[in-house]
$ cat start.tsv   # TSV, C-alpha atoms
chain	number	residue	atom	x	y	z
A	1451	MET	CA	76.78	100.52	96.01
A	1452	SER	CA	79.49	103.12	96.25
A	1453	HIS	CA	79.58	105.99	93.80
A	1454	LEU	CA	83.24	106.92	93.53
A	1455	LYS	CA	85.42	107.92	90.66
A	1456	GLU	CA	88.64	106.06	89.99
A	1457	GLN	CA	90.56	109.28	90.52
A	1458	HIS	CA	89.03	109.74	93.99
A	1459	ILE	CA	90.38	106.40	95.12
A	1460	PHE	CA	93.80	107.19	93.67
A	1461	TYR	CA	93.86	110.62	95.31
A	1462	LEU	CA	92.88	109.15	98.68
A	1463	PHE	CA	95.77	106.68	98.43
A	1464	LEU	CA	98.13	109.53	97.51
A	1465	MET	CA	96.96	111.61	100.46
A	1466	ALA	CA	97.33	108.66	102.84
A	1467	GLY	CA	100.86	108.02	101.55
A	1468	ALA	CA	101.82	111.68	101.83
A	1469	GLY	CA	100.38	111.80	105.36
A	1470	PHE	CA	102.38	108.71	106.31
A	1471	PHE	CA	105.62	110.21	104.98
A	1472	LEU	CA	104.80	113.54	106.65
A	1473	LYS	CA	104.52	111.72	109.98
A	1474	LEU	CA	107.89	110.06	109.32
A	1475	ALA	CA	109.43	113.41	108.35
A	1476	LEU	CA	108.17	115.02	111.55
A	1477	ASP	CA	110.00	112.34	113.54
A	1478	ILE	CA	113.38	113.28	112.02
A	1479	PRO	CA	115.53	115.12	114.57
A	1480	SER	CA	115.65	118.80	113.72
A	1481	GLY	CA	118.76	120.93	113.34
A	1482	ILE	CA	122.32	120.47	114.44
A	1483	GLY	CA	122.38	123.48	116.73
A	1484	VAL	CA	123.38	126.01	114.05
A	1485	GLU	CA	121.41	129.25	114.04
A	1486	GLY	CA	118.99	129.41	111.09
A	1487	ASP	CA	119.49	125.76	110.07
A	1488	PRO	CA	116.06	124.33	109.19
A	1489	GLY	CA	117.25	120.75	109.83
A	1490	ALA	CA	117.14	117.56	107.86
A	1491	ALA	CA	113.35	117.32	108.06
A	1492	PHE	CA	112.66	120.64	106.35
A	1493	LEU	CA	112.59	119.49	102.73
A	1494	PRO	CA	110.61	116.26	103.31
A	1495	ILE	CA	108.03	118.20	105.33
A	1496	VAL	CA	107.68	120.85	102.62
A	1497	ILE	CA	107.33	118.22	99.89
A	1498	CYS	CA	104.73	116.23	101.84
A	1499	VAL	CA	102.69	119.33	102.63
A	1500	LEU	CA	102.81	120.39	98.96
A	1501	ILE	CA	101.69	116.94	97.85
A	1502	LEU	CA	98.84	116.98	100.36
A	1503	LEU	CA	97.69	120.43	99.27
A	1504	LEU	CA	97.89	119.70	95.54
A	1505	VAL	CA	96.20	116.32	95.78
A	1506	ALA	CA	93.48	117.79	98.01
A	1507	TYR	CA	92.90	120.45	95.35
A	1508	LEU	CA	92.69	117.78	92.63
A	1509	PHE	CA	90.34	115.75	94.80
A	1510	VAL	CA	87.97	118.69	95.29
A	1511	MET	CA	88.07	119.63	91.59
A	1512	GLU	CA	87.39	116.02	90.59
A	1513	PHE	CA	84.59	115.82	93.16
A	1514	ARG	CA	82.84	118.78	91.55
A	1515	ASP	CA	82.88	117.06	88.17
A	1516	LYS	CA	79.65	115.06	87.83
A	1517	THR	CA	80.63	112.68	85.03
A	1518	LYS	CA	81.36	108.96	84.90
A	1519	LYS	CA	81.00	107.48	88.37
A	1520	LEU	CA	82.75	104.25	89.31
A	1521	ARG	CA	80.43	101.64	90.75
A	1522	PHE	CA	81.53	98.70	92.84
A	1523	SER	CA	79.41	95.62	93.15
A	1524	ARG	CA	79.14	94.04	96.57
A	1525	VAL	CA	81.50	91.21	95.58
A	1526	GLU	CA	84.12	93.67	94.28
A	1527	LEU	CA	83.90	95.72	97.47
A	1528	TYR	CA	84.34	92.61	99.64
A	1529	THR	CA	87.24	91.50	97.46
A	1530	LEU	CA	88.94	94.89	97.81
A	1531	VAL	CA	88.54	94.81	101.58
A	1532	GLY	CA	89.80	91.21	101.67
A	1533	VAL	CA	92.90	92.02	99.64
A	1534	LEU	CA	93.70	95.08	101.77
A	1535	LEU	CA	93.24	93.01	104.91
A	1536	LEU	CA	95.52	90.29	103.53
A	1537	VAL	CA	98.23	92.86	102.75
A	1538	PHE	CA	98.08	94.33	106.26
A	1539	VAL	CA	98.21	90.87	107.85
A	1540	TYR	CA	101.15	89.98	105.58
A	1541	ILE	CA	103.07	93.08	106.64
A	1542	PHE	CA	102.38	92.29	110.30
A	1543	THR	CA	103.34	88.60	110.07
A	1544	LEU	CA	106.44	89.34	107.99
A	1545	SER	CA	108.28	90.60	111.06
A	1546	LEU	CA	106.96	87.82	113.29
A	1547	SER	CA	107.42	84.67	111.23
A	1548	GLY	CA	109.91	85.69	108.55
A	1549	PHE	CA	109.84	85.87	104.79
A	1550	PHE	CA	109.19	82.25	103.82
A	1551	ALA	CA	106.28	81.41	106.11
A	1552	SER	CA	104.44	84.70	105.75
A	1553	THR	CA	104.91	84.93	101.97
A	1554	ILE	CA	103.78	81.36	101.35
A	1555	LEU	CA	100.70	81.94	103.53
A	1556	PHE	CA	99.96	85.30	101.89
A	1557	LEU	CA	100.25	83.97	98.35
A	1558	PHE	CA	98.14	80.92	99.19
A	1559	LEU	CA	95.35	82.99	100.74
A	1560	PHE	CA	95.55	85.58	97.95
A	1561	GLN	CA	95.26	82.89	95.28
A	1562	ARG	CA	92.32	81.27	97.10
A	1563	LEU	CA	90.55	84.63	97.40
A	1564	ASN	CA	91.07	85.40	93.72
A	1565	GLY	CA	90.05	81.88	92.74
A	1566	TYR	CA	86.89	82.22	94.79
A	1567	VAL	CA	86.00	85.56	93.22
A	1568	LEU	CA	86.97	84.73	89.63
A	1569	SER	CA	85.88	81.12	89.27
A	1570	GLY	CA	83.21	80.83	91.92
A	1571	ALA	CA	84.54	78.88	94.93
A	1572	ASP	CA	86.31	75.94	93.35
A	1573	SER	CA	87.29	74.00	96.47
A	1574	SER	CA	88.63	70.76	95.07
A	1575	ILE	CA	91.81	69.18	96.40
A	1576	LYS	CA	93.47	69.83	93.05
A	1577	SER	CA	92.88	73.58	93.32
A	1578	TYR	CA	94.31	73.62	96.85
A	1579	LEU	CA	97.39	71.70	95.71
A	1580	ILE	CA	97.88	74.09	92.79
A	1581	SER	CA	97.62	77.05	95.19
A	1582	ILE	CA	100.16	75.52	97.57
A	1583	LEU	CA	102.53	74.70	94.72
A	1584	PHE	CA	102.20	78.20	93.26
A	1585	SER	CA	102.83	79.78	96.67
A	1586	PHE	CA	105.92	77.69	97.30
A	1587	VAL	CA	107.42	78.14	93.80
A	1588	ALA	CA	106.74	81.89	93.74
A	1589	THR	CA	108.27	82.36	97.21
A	1590	CYS	CA	111.37	80.37	96.28
A	1591	SER	CA	111.69	82.34	93.03
A	1592	ILE	CA	111.44	85.67	94.84
A	1593	TYR	CA	114.02	84.48	97.38
A	1594	PHE	CA	116.36	83.32	94.63
A	1595	VAL	CA	116.16	86.57	92.67
A	1596	PHE	CA	116.54	88.95	95.58
A	1597	SER	CA	118.68	87.00	98.02
A	1598	ILE	CA	120.98	85.08	95.68
A	1599	LEU	CA	121.17	87.17	92.51
A	1600	PHE	CA	120.87	90.67	93.99
A	1601	LYS	CA	122.50	89.72	97.33
A	1602	MET	CA	119.79	91.49	99.34
A	1603	SER	CA	118.70	90.30	102.76
A	1604	LEU	CA	115.04	89.47	103.15
A	1605	PRO	CA	113.22	89.70	106.48
$ encode --input "start.tsv" --output "structure tokens"
Amino acid sequence: MSHLKEQHIFYLFLMAGAGFFLKLALDIPSGIGVEGDPGAAFLPIVICVLILLLVAYLFVMEFRDKTKKLRFSRVELYTLVGVLLLVFVYIFTLSLSGFFASTILFLFLFQRLNGYVLSGADSSIKSYLISILFSFVATCSIYFVFSILFKMSLP
């Protein structure tokens, strides 16, 4: 069992996001050759460093507080890892197979994982058909809203 506070998890996600954007900001070409010009990356770097410092401070202050620990059961921990793994696989397959195939597969697997955790492994043909139908309808709805109504291109 893990003994973490909800805030710790949130702060870790914030620090990971700020670190990711700091890495992106460091890749921005610096300066245009003018003396004293800090470059386009100056402000994003400063903001990311400030976020990292402030969130690290909040993390340490929250860590010192000894009240109300968050406890994960083994099933909840496996579910969290499964969902995170599904999201990373979805992001990876999005560029390889396109929006429709990867989104339908992601939604199907996500629904099956949630169905397994919430209702205890219902593996009837009806539940699989409902998952496939949900995945297809949700993907088509997302495509319609973003591609047709908002005129945005999807990967």
$ atom_distance --input "start.tsv" --atom1 "atom CA of A:Tyr1507" --atom2 "atom CA of A:Leu1474"
23.0 Å
$ residues_around --input "start.tsv" --residues "A:His1458" --least-positions-apart "4" --cutoff "8 Å" --atoms "all atoms listed in the file" --output "PyMOL selection string"
chain A and resi 1454+1462+1509+1512-1513
$ residues_around --input "start.tsv" --residues "A:Gln1561" --least-positions-apart "3" --cutoff "10 Å" --atoms "all atoms listed in the file" --output "list in words"
Leu1555, Phe1556, Leu1557, Phe1558, Asn1564, Gly1565, Tyr1566, Val1567, Ser1577, Tyr1578, Ile1580, Ser1581, Ile1582, Phe1584 and Ser1585 of chain A
$ atom_distance --input "start.tsv" --atom1 "atom CA of A:Gln1457" --atom2 "atom CA of A:Tyr1540"
26.7 Å
